[in-house]
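What follows is protein.csv (CSV, C-alpha atoms).
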```csv
chain,number,residue,atom,x,y,z
A,28,MET,CA,15.0,-39.2,2.7
A,29,ALA,CA,12.0,-38.6,0.5
A,30,VAL,CA,12.8,-37.7,-3.1
A,31,THR,CA,10.7,-35.0,-4.8
A,32,ARG,CA,10.6,-34.3,-8.5
A,33,ILE,CA,11.6,-30.7,-9.1
A,34,ALA,CA,8.7,-30.3,-11.4
A,35,THR,CA,6.3,-30.9,-8.6
A,36,SER,CA,8.2,-29.1,-5.8
A,37,SER,CA,7.9,-25.6,-4.5
A,38,LEU,CA,11.1,-24.7,-6.2
A,39,LYS,CA,9.0,-24.2,-9.3
A,40,SER,CA,7.5,-21.1,-7.7
A,41,LEU,CA,10.7,-19.4,-6.8
A,42,ASN,CA,11.9,-16.2,-8.5
A,43,LYS,CA,15.1,-16.5,-10.4
A,44,TYR,CA,17.7,-13.7,-10.1
A,45,ASP,CA,20.6,-13.8,-12.5
A,46,SER,CA,22.5,-11.1,-10.5
A,47,PHE,CA,22.1,-8.9,-7.5
A,48,LEU,CA,24.3,-6.2,-9.1
A,49,GLY,CA,22.8,-2.7,-9.5
A,50,GLY,CA,20.3,-2.4,-12.3
A,51,ASN,CA,18.7,-5.8,-11.7
A,52,ALA,CA,15.5,-6.4,-9.9
A,53,TYR,CA,16.3,-6.5,-6.2
A,54,TYR,CA,15.3,-9.3,-3.9
A,55,VAL,CA,12.6,-8.9,-1.3
A,56,PRO,CA,12.6,-11.8,1.1
A,57,PRO,CA,9.3,-13.5,1.4
A,58,SER,CA,8.8,-12.4,5.0
A,59,PHE,CA,5.4,-10.8,4.6
A,60,GLU,CA,2.7,-13.4,4.1
A,61,SER,CA,-1.1,-13.3,3.8
A,62,ILE,CA,-2.8,-15.3,6.5
A,63,ALA,CA,-6.5,-14.7,6.0
A,64,THR,CA,-9.0,-12.2,4.6
A,65,THR,CA,-12.6,-11.3,5.4
A,66,THR,CA,-15.0,-9.3,3.2
A,67,VAL,CA,-18.3,-8.5,4.9
A,68,GLY,CA,-21.4,-9.6,2.9
A,69,ALA,CA,-24.9,-8.2,2.5
A,70,GLY,CA,-26.5,-7.5,5.8
A,71,GLY,CA,-23.3,-6.6,7.5
A,72,SER,CA,-21.5,-8.3,10.4
A,73,SER,CA,-21.3,-7.3,14.1
A,74,THR,CA,-17.7,-8.4,14.3
A,75,VAL,CA,-14.9,-9.6,12.1
A,76,SER,CA,-12.7,-12.4,13.6
A,77,PHE,CA,-9.5,-14.1,12.8
A,78,SER,CA,-9.0,-17.4,14.7
A,79,SER,CA,-6.3,-20.1,14.8
A,80,ILE,CA,-3.6,-17.6,14.0
A,81,PRO,CA,-0.4,-19.5,13.3
A,82,SER,CA,2.5,-19.0,15.7
A,83,THR,CA,5.1,-18.9,13.0
A,84,TYR,CA,5.5,-15.2,12.7
A,85,LYS,CA,7.1,-12.4,14.7
A,86,HIS,CA,4.5,-9.7,14.1
A,87,LEU,CA,1.0,-9.4,12.6
A,88,GLN,CA,-0.5,-6.7,10.4
A,89,ILE,CA,-4.2,-6.0,9.8
A,90,ARG,CA,-5.0,-3.9,6.8
A,91,GLY,CA,-8.6,-2.8,6.4
A,92,LEU,CA,-11.1,-0.7,4.5
A,93,SER,CA,-14.3,-0.4,6.5
A,94,ARG,CA,-17.6,1.2,7.1
A,95,ALA,CA,-20.3,0.8,9.7
A,96,THR,CA,-24.0,0.3,9.1
A,97,ALA,CA,-24.9,3.2,11.5
A,98,GLY,CA,-23.7,6.5,12.7
A,99,GLY,CA,-21.2,8.9,11.2
A,100,ILE,CA,-17.5,8.8,11.3
A,101,GLY,CA,-16.6,6.3,14.1
A,102,ALA,CA,-14.1,3.8,15.3
A,103,PHE,CA,-13.6,0.1,15.5
A,104,PHE,CA,-11.9,-1.8,18.3
A,105,ILE,CA,-9.8,-4.9,18.8
A,106,GLN,CA,-9.9,-7.7,21.3
A,107,PHE,CA,-7.5,-10.6,21.6
A,108,ASN,CA,-8.2,-14.3,22.5
A,109,SER,CA,-11.9,-13.4,23.2
A,110,ASP,CA,-10.7,-11.6,26.4
A,111,THR,CA,-13.6,-9.3,27.4
A,112,GLY,CA,-12.0,-8.2,30.7
A,113,THR,CA,-10.9,-4.7,31.4
A,114,ASN,CA,-7.4,-5.5,30.2
A,115,TYR,CA,-7.1,-2.9,27.4
A,116,ALA,CA,-5.8,0.6,27.1
A,117,ASP,CA,-5.1,2.9,24.1
A,118,HIS,CA,-3.8,6.4,23.3
A,119,ARG,CA,-4.1,8.3,20.0
A,120,ILE,CA,-3.5,11.6,18.4
A,121,GLU,CA,-6.2,12.6,16.0
A,122,GLY,CA,-7.1,15.4,13.6
A,123,ASN,CA,-10.6,16.3,12.4
A,124,GLY,CA,-9.7,18.9,9.8
A,125,ALA,CA,-9.9,21.7,12.2
A,126,THR,CA,-8.3,20.6,15.4
A,127,ALA,CA,-5.6,18.2,16.5
A,128,TYR,CA,-6.3,16.5,19.8
A,129,THR,CA,-5.4,13.5,21.8
A,130,ASP,CA,-7.4,11.0,23.8
A,131,ARG,CA,-7.0,7.7,25.7
A,132,ASN,CA,-8.9,4.9,27.3
A,133,THR,CA,-7.8,2.9,30.3
A,134,SER,CA,-9.0,-0.3,31.8
A,135,ALA,CA,-11.2,-0.8,28.8
A,136,ILE,CA,-12.8,-4.0,27.5
A,137,ARG,CA,-11.3,-3.4,24.1
A,138,ALA,CA,-8.7,-1.2,22.5
A,139,LEU,CA,-9.5,1.4,19.9
A,140,SER,CA,-7.6,0.5,16.7
A,141,GLY,CA,-9.1,2.3,13.7
A,142,LEU,CA,-11.5,4.9,12.2
A,143,GLN,CA,-14.1,4.2,9.7
A,144,ALA,CA,-17.1,5.6,7.8
A,145,GLY,CA,-20.7,5.2,8.9
A,146,SER,CA,-24.1,5.1,7.3
A,147,THR,CA,-24.4,8.9,7.4
A,148,THR,CA,-21.1,9.6,5.6
A,149,GLY,CA,-21.2,9.7,1.9
A,150,ALA,CA,-22.1,6.6,-0.2
A,151,ASN,CA,-19.2,4.4,-1.2
A,152,ILE,CA,-16.8,6.0,1.4
A,153,PHE,CA,-14.8,3.7,3.6
A,154,GLY,CA,-12.0,4.3,6.1
A,155,GLY,CA,-8.6,2.9,5.7
A,156,SER,CA,-6.5,1.3,8.5
A,157,VAL,CA,-3.1,-0.4,9.0
A,158,VAL,CA,-2.8,-2.0,12.5
A,159,ASP,CA,0.4,-3.7,13.6
A,160,VAL,CA,0.4,-6.3,16.4
A,161,LEU,CA,3.9,-6.5,17.7
A,162,ASP,CA,5.6,-9.6,19.0
A,163,TYR,CA,2.2,-11.3,19.3
A,164,GLN,CA,3.7,-14.7,20.3
A,165,ASN,CA,5.8,-13.5,23.2
A,166,THR,CA,4.6,-14.9,26.6
A,167,SER,CA,6.8,-12.5,28.7
A,168,LYS,CA,5.3,-9.2,27.6
A,169,TYR,CA,1.9,-7.5,27.4
A,170,LYS,CA,0.9,-7.0,23.8
A,171,THR,CA,1.2,-3.6,22.0
A,172,ILE,CA,-0.5,-2.5,18.8
A,173,ARG,CA,0.1,0.6,16.7
A,174,ALA,CA,-2.2,1.9,14.1
A,175,LEU,CA,-2.6,4.5,11.3
A,176,SER,CA,-6.2,5.1,10.3
A,177,GLY,CA,-8.3,7.6,8.5
A,178,ILE,CA,-11.5,8.4,6.8
A,179,ASP,CA,-12.1,11.4,4.5
A,180,ASN,CA,-15.7,12.4,3.6
A,181,ASN,CA,-15.0,15.4,1.3
A,182,GLY,CA,-15.7,18.1,3.8
A,183,SER,CA,-15.4,16.1,7.0
A,184,GLY,CA,-13.0,13.5,8.1
A,185,ASN,CA,-10.6,12.2,10.7
A,186,ILE,CA,-7.0,10.9,10.7
A,187,ALA,CA,-5.3,9.3,13.7
A,188,PHE,CA,-2.4,7.3,14.8
A,189,GLY,CA,-2.1,5.6,18.1
A,190,SER,CA,-1.2,2.7,20.2
A,191,GLY,CA,-3.1,0.1,22.1
A,192,LEU,CA,-2.2,-2.3,25.0
A,193,TRP,CA,-3.6,-5.7,25.9
A,194,MET,CA,-2.4,-6.5,29.4
A,195,SER,CA,-1.8,-10.2,29.0
A,196,THR,CA,1.3,-12.3,28.5
A,197,SER,CA,-0.7,-14.9,26.5
A,198,ALA,CA,0.3,-15.5,22.9
A,199,VAL,CA,-2.3,-14.0,20.6
A,200,THR,CA,-4.2,-16.8,18.9
A,201,SER,CA,-7.3,-14.9,17.8
A,202,ILE,CA,-8.4,-11.4,17.0
A,203,THR,CA,-11.8,-9.9,17.0
A,204,LEU,CA,-12.6,-6.5,15.5
A,205,ILE,CA,-15.7,-4.7,16.8
A,206,PRO,CA,-17.3,-1.6,15.2
A,207,GLU,CA,-18.3,1.3,17.4
A,208,ASN,CA,-21.6,1.7,15.5
A,209,THR,CA,-23.7,-1.5,15.2
A,210,ALA,CA,-22.0,-3.5,12.5
A,211,PHE,CA,-19.5,-3.5,9.7
A,212,ALA,CA,-21.2,-2.7,6.5
A,213,GLN,CA,-21.2,-4.8,3.3
A,214,TYR,CA,-17.9,-4.6,1.3
A,215,SER,CA,-15.8,-3.8,4.5
A,216,SER,CA,-12.7,-5.9,4.2
A,217,PHE,CA,-9.9,-6.9,6.6
A,218,ALA,CA,-6.8,-8.8,5.7
A,219,LEU,CA,-4.4,-10.4,8.2
A,220,TYR,CA,-0.7,-10.7,7.4
A,221,GLY,CA,2.2,-12.3,9.2
A,222,ILE,CA,5.6,-10.8,9.3
A,223,LYS,CA,8.6,-13.1,9.9
A,224,ALA,CA,11.7,-12.0,11.8
B,18,MET,CA,1.2,-19.2,3.3
B,19,PRO,CA,1.8,-17.2,0.0
B,20,ALA,CA,4.5,-14.6,0.4
B,21,THR,CA,3.3,-11.1,-0.6
B,22,TYR,CA,4.8,-7.6,-0.6
B,23,GLU,CA,6.3,-7.3,-3.9
B,24,PRO,CA,8.0,-4.5,-5.7
B,25,ILE,CA,5.9,-3.5,-8.8
B,26,ALA,CA,8.1,-0.7,-10.1
B,27,THR,CA,10.8,1.6,-8.8
B,28,THR,CA,12.6,4.6,-10.2
B,29,THR,CA,15.5,6.9,-9.2
B,30,LEU,CA,15.2,10.2,-11.1
B,31,GLY,CA,18.1,10.7,-13.4
B,32,SER,CA,17.0,14.2,-14.2
B,33,ALA,CA,14.9,16.7,-12.5
B,34,ALA,CA,11.2,16.3,-13.2
B,35,SER,CA,8.0,18.0,-12.2
B,36,SER,CA,6.1,14.7,-12.1
B,37,TYR,CA,6.4,10.9,-12.3
B,38,THR,CA,3.7,8.4,-13.3
B,39,PHE,CA,3.3,4.8,-12.4
B,40,SER,CA,1.2,3.4,-15.2
B,41,SER,CA,-0.3,0.0,-16.1
B,42,ILE,CA,-0.5,-1.0,-12.5
B,43,PRO,CA,-1.6,-4.7,-12.3
B,44,SER,CA,-4.9,-5.4,-10.6
B,45,THR,CA,-3.6,-8.5,-8.9
B,46,TYR,CA,-2.9,-7.0,-5.5
B,47,THR,CA,-5.2,-5.9,-2.7
B,48,ASP,CA,-3.3,-2.8,-1.5
B,49,LEU,CA,-0.6,-0.7,-2.9
B,50,VAL,CA,2.2,0.9,-0.9
B,51,LEU,CA,4.1,3.9,-2.4
B,52,VAL,CA,7.4,4.7,-0.7
B,53,MET,CA,9.1,8.0,-1.7
B,54,ASN,CA,12.3,9.7,-0.7
B,55,THR,CA,12.3,13.2,-2.2
B,56,LYS,CA,14.3,16.4,-2.7
B,57,GLY,CA,12.9,19.5,-4.3
B,58,SER,CA,14.4,22.1,-6.6
B,59,THR,CA,12.7,24.6,-4.4
B,60,SER,CA,10.8,24.2,-1.2
B,61,ASN,CA,7.8,22.3,-2.5
B,62,TYR,CA,5.5,19.4,-1.6
B,63,CYS,CA,4.1,16.3,-3.3
B,64,GLN,CA,0.7,15.8,-4.8
B,65,LEU,CA,-1.1,13.0,-6.5
B,66,ARG,CA,-3.8,12.0,-9.0
B,67,PHE,CA,-5.2,8.6,-9.9
B,68,ASN,CA,-5.9,7.3,-13.4
B,69,GLY,CA,-5.3,10.8,-14.9
B,70,ASP,CA,-8.5,12.1,-13.4
B,71,THR,CA,-8.3,15.9,-13.3
B,72,GLY,CA,-11.9,16.4,-12.0
B,73,THR,CA,-12.5,17.9,-8.6
B,74,ASN,CA,-12.8,14.4,-7.1
B,75,TYR,CA,-10.1,14.5,-4.4
B,76,SER,CA,-10.2,15.5,-0.8
B,77,ARG,CA,-8.1,15.0,2.3
B,78,THR,CA,-7.8,15.5,6.1
B,79,ASP,CA,-4.4,15.9,7.7
B,80,LEU,CA,-2.8,15.8,11.1
B,81,LYS,CA,0.5,17.6,11.3
B,82,GLY,CA,3.2,18.8,13.7
B,83,ASN,CA,6.1,21.2,13.1
B,84,GLY,CA,7.9,21.0,16.4
B,85,SER,CA,5.9,23.6,18.2
B,86,THR,CA,2.3,23.1,17.2
B,87,ALA,CA,0.0,20.1,16.3
B,88,ALA,CA,-2.8,21.0,13.9
B,89,SER,CA,-5.3,19.5,11.5
B,90,SER,CA,-6.7,20.9,8.2
B,91,ARG,CA,-8.5,19.7,5.1
B,92,ASP,CA,-9.0,20.2,1.4
B,93,SER,CA,-12.2,19.4,-0.4
B,94,ASN,CA,-13.2,19.1,-4.1
B,95,ARG,CA,-9.6,19.4,-5.4
B,96,SER,CA,-8.4,18.3,-8.9
B,97,ILE,CA,-5.0,17.2,-7.4
B,98,ILE,CA,-4.4,16.4,-3.8
B,99,ASP,CA,-1.4,17.1,-1.5
B,100,ILE,CA,0.2,14.1,0.2
B,101,ALA,CA,2.4,16.2,2.5
B,102,SER,CA,1.7,19.2,4.7
B,103,ASN,CA,4.6,20.1,7.0
B,104,ALA,CA,6.8,17.5,5.4
B,105,THR,CA,7.8,19.7,2.5
B,106,ASN,CA,10.7,18.8,0.2
B,107,ASP,CA,14.1,20.2,1.1
B,108,THR,CA,16.4,21.7,-1.5
B,109,SER,CA,19.6,20.5,0.2
B,110,ASN,CA,19.0,17.0,1.3
B,111,PHE,CA,16.7,14.0,0.9
B,112,ASN,CA,15.1,14.7,4.2
B,113,THR,CA,11.5,13.9,3.1
B,114,ASN,CA,10.0,10.5,3.1
B,115,ILE,CA,6.4,9.5,2.4
B,116,ILE,CA,4.8,6.1,2.8
B,117,LEU,CA,1.3,6.0,1.2
B,118,HIS,CA,-1.0,3.0,1.6
B,119,ILE,CA,-3.7,2.8,-1.1
B,120,MET,CA,-6.3,0.5,0.3
B,121,ASN,CA,-8.2,-2.1,-1.9
B,122,TYR,CA,-7.2,-0.1,-5.0
B,123,ALA,CA,-8.6,-2.5,-7.6
B,124,ASN,CA,-12.1,-2.9,-6.2
B,125,THR,CA,-14.9,-1.3,-8.3
B,126,THR,CA,-17.4,-0.9,-5.5
B,127,THR,CA,-15.9,1.7,-3.1
B,128,TYR,CA,-14.4,5.1,-3.4
B,129,LYS,CA,-10.7,4.9,-2.9
B,130,THR,CA,-9.0,5.8,0.4
B,131,ALA,CA,-5.3,6.2,1.0
B,132,ILE,CA,-3.5,6.9,4.2
B,133,SER,CA,0.0,8.2,4.5
B,134,ARG,CA,2.8,9.3,6.8
B,135,ALA,CA,5.1,12.0,5.6
B,136,ASN,CA,8.1,13.1,7.5
B,137,ASN,CA,10.9,15.7,7.2
B,138,ALA,CA,13.0,15.9,10.3
B,139,ALA,CA,13.7,19.6,9.5
B,140,THR,CA,10.2,20.8,8.8
B,141,GLY,CA,7.6,18.5,10.4
B,142,THR,CA,5.6,15.3,10.2
B,143,ASP,CA,2.2,14.5,8.8
B,144,ALA,CA,-0.5,11.8,8.8
B,145,ILE,CA,-3.0,12.2,5.9
B,146,VAL,CA,-6.1,10.5,4.6
B,147,VAL,CA,-6.9,11.0,1.0
B,148,LEU,CA,-10.2,10.2,-0.7
B,149,TRP,CA,-10.7,9.8,-4.4
B,150,ARG,CA,-14.4,9.8,-5.2
B,151,SER,CA,-14.3,7.1,-7.9
B,152,THR,CA,-15.2,3.5,-8.0
B,153,SER,CA,-12.8,2.8,-10.8
B,154,ALA,CA,-9.9,0.5,-10.2
B,155,ILE,CA,-6.7,2.4,-9.9
B,156,ASN,CA,-4.4,1.7,-12.8
B,157,SER,CA,-2.0,4.7,-12.7
B,158,ILE,CA,-0.6,7.0,-10.1
B,159,TYR,CA,0.6,10.5,-11.0
B,160,ILE,CA,3.0,12.1,-8.5
B,161,ALA,CA,3.8,15.8,-8.9
B,162,VAL,CA,5.1,18.8,-6.9
B,163,ASN,CA,3.2,22.0,-6.5
B,164,THR,CA,6.0,24.1,-7.9
B,165,GLY,CA,9.5,23.4,-9.4
B,166,ASN,CA,10.8,19.9,-9.7
B,167,LEU,CA,11.7,16.7,-7.9
B,168,GLU,CA,15.5,16.6,-8.0
B,169,VAL,CA,17.9,14.0,-9.4
B,170,GLY,CA,18.1,11.1,-6.9
B,171,THR,CA,14.5,11.2,-5.8
B,172,THR,CA,13.3,7.6,-5.4
B,173,LEU,CA,9.8,6.3,-5.8
B,174,THR,CA,8.9,2.6,-5.3
B,175,LEU,CA,5.5,1.0,-5.7
B,176,TYR,CA,4.8,-2.2,-3.8
B,177,GLY,CA,1.8,-4.6,-4.1
B,178,ILE,CA,0.3,-6.6,-1.2
B,179,ALA,CA,-2.0,-9.4,-2.1
B,180,ALA,CA,-4.4,-10.9,0.5
B,181,ALA,CA,-5.1,-14.6,0.4
```

Written form, structure tokens:
Amino acid sequence: MAVTRIATSSLKSLNKYDSFLGGNAYYVPPSFESIATTTVGAGGSSTVSFSSIPSTYKHLQIRGLSRATAGGIGAFFIQFNSDTGTNYADHRIEGNGATAYTDRNTSAIRALSGLQAGSTTGANIFGGSVVDVLDYQNTSKYKTIRALSGIDNNGSGNIAFGSGLWMSTSAVTSITLIPENTAFAQYSSFALYGIKA
Amino acid sequence: MPATYEPIATTTLGSAASSYTFSSIPSTYTDLVLVMNTKGSTSNYCQLRFNGDTGTNYSRTDLKGNGSTAASSRDSNRSIIDIASNATNDTSNFNTNIILHIMNYANTTTYKTAISRANNAATGTDAIVVLWRSTSAINSIYIAVNTGNLEVGTTLTLYGIAAA
């Protein structure tokens, strides 16, 4: 068995808890881990992709702050494993500040997963999104996502939560995010996290 | 992979209070998540400000249901912003919970967007997006109620999530 000096081992980075009794800091297991992050540079980007996603987690979460280079308030979509077939569906309930409504897409080439600002919304305004990809490694189920997303433009705005379906039993190994309007604008950022069971 | 989703601060109110402030928030995370479980001294709802900014720099859009109707509304140019609509605080039980995601809070390029889900099984459920028109990094969060107090036992916990 290899011997590792404690001073150079990962033990050095552990938190130390003297007691779990009330009043002490409580322990949060390290089950939520950062996998990768993308921030869009000058000129924008037509897609944002995460590839070679490790298989060591139970669920994935994408957290984003985004804006498109064109249009007004719009959406962005998700594709898995570069599958561009009509294997996606989504439902959502959405509010626009005046009306609550619901919508869906079936047999689509991508699933709607978030809302974001566009070039005609106010400067510096970005939409926020949290998208969960559930049981992404399971090869017996189709894959389901759920999302909470919104963008407020001080006088206009939309907020939605919804679900999406990828009709494939393949394990998810890559994710592509696609804006409704042209490209993701500079400073848009997406972070991918893994959640262990 | 680095683990991340760390508690920054937590409090359980030991006496009724009309507000609570998380201050000196470190800038070392990417997003913040505020988790609240609340009870009011009267039927009230929670509001917030960032960095003590009392200017009319806040707005929001909501989506809400009360068991019979789904609706959406908005507020613009407010000096403090509501983070619950139908999910008001009860006076009898801790029925209200709010989970607020504050996205990329420390960046100094974008205005700040937060999205939340607020729930009260007795009164309704909400999804809300909040805009703070400031490029300043968020270093404090002020939580208040529109009238009365937050009652003893109300909990507020702030988490930080750091991207790689």

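Counting all atoms listed in the file and comparing B:Lys81, B:Lys56, B:Arg134, B:Arg95, the residue that lies closest to B:Ala33 is B:Lys56.
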
Quick one: everything within 10 Å of A:Arg137, counting all atoms listed in the file, minus sequence neighbours fewer than 3 positions away in the same chain. Send it as a count of residues only. 23

Residues of chain A within 9 Å of chain B, counting only C-alpha atoms, as number ranges by chain: A: 52-64, 90-92, 120-128, 150-157, 175-188, 214, 216, 218-220

Within 8 Å of A:Val199, counting only C-alpha atoms, which residues show up once you throw out same-chain ones fewer than 2 positions away? Write them as a PyMOL selection string, please. chain A and resi 80+107-108+163-164+197+201-202

Restrict the selected residues to C-alpha atoms and save them as a short mmCIF file (atom, residue, chain, number, x, y, z; two decimals), in the frame of the given file.
```
data_model
loop_
_atom_site.label_atom_id
_atom_site.label_comp_id
_atom_site.auth_asym_id
_atom_site.auth_seq_id
_atom_site.Cartn_x
_atom_site.Cartn_y
_atom_site.Cartn_z
CA ILE A 80 -3.60 -17.60 14.00
CA PHE A 107 -7.50 -10.60 21.60
CA ASN A 108 -8.20 -14.30 22.50
CA TYR A 163 2.20 -11.30 19.30
CA GLN A 164 3.70 -14.70 20.30
CA SER A 197 -0.70 -14.90 26.50
CA SER A 201 -7.30 -14.90 17.80
CA ILE A 202 -8.40 -11.40 17.00
#
```

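For the atom pair formed by atom CA of B:Thr171 and atom CA of B:Ile25, the distance is 17.3 Å, given to one decimal.
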
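Minimum distance to A:Gly71 across A:Ala138, A:Val158, A:Leu87, A:Ala95 (counting only C-alpha atoms) occurs at A:Ala95.
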
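Pairwise distance (atom CA of B:Ile100, atom CA of A:Thr171) equals 28.1 Å.
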
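Between atom CA of B:Leu30 and atom CA of B:Leu167 the separation is 8.0 Å.
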
Find the smallest box with edges along x, y and z containing every listed atom of stretch 97-110 of chain A, then add 8 Å on each side and report centre and edge lengths in Å to one decimal, as lines of an AutoDock Vina configuration file.
```
center_x = -16.2
center_y = -2.7
center_z = 18.8
size_x = 33.4
size_y = 39.2
size_z = 31.2
```

Neighbours of B:Ala154 within 6 Å (all atoms listed in the file; same-chain residues fewer than 4 positions away dropped), as an MDAnalysis selection string? chainID B and resid 122:125

Smallest atom-to-atom distance to B:Gly69: which of B:Asn166, B:Asn136, B:Ser40, B:Thr105, using all atoms listed in the file? B:Ser40

Excluding B:Ala104 and any residue of its chain fewer than 3 positions from it, enumerate the residues within 6 Å of it, using all atoms listed in the file, and give them as number ranges by chain. B: 101, 135-137, 140-142

Excluding B:Phe39 and residues on its chain fewer than 2 positions from it, collect all residues at most 10 Å away from it, counting all atoms listed in the file, and give them as a ChimeraX atom specification. /B:25-28,37,41-42,67-68,156-160,173-175
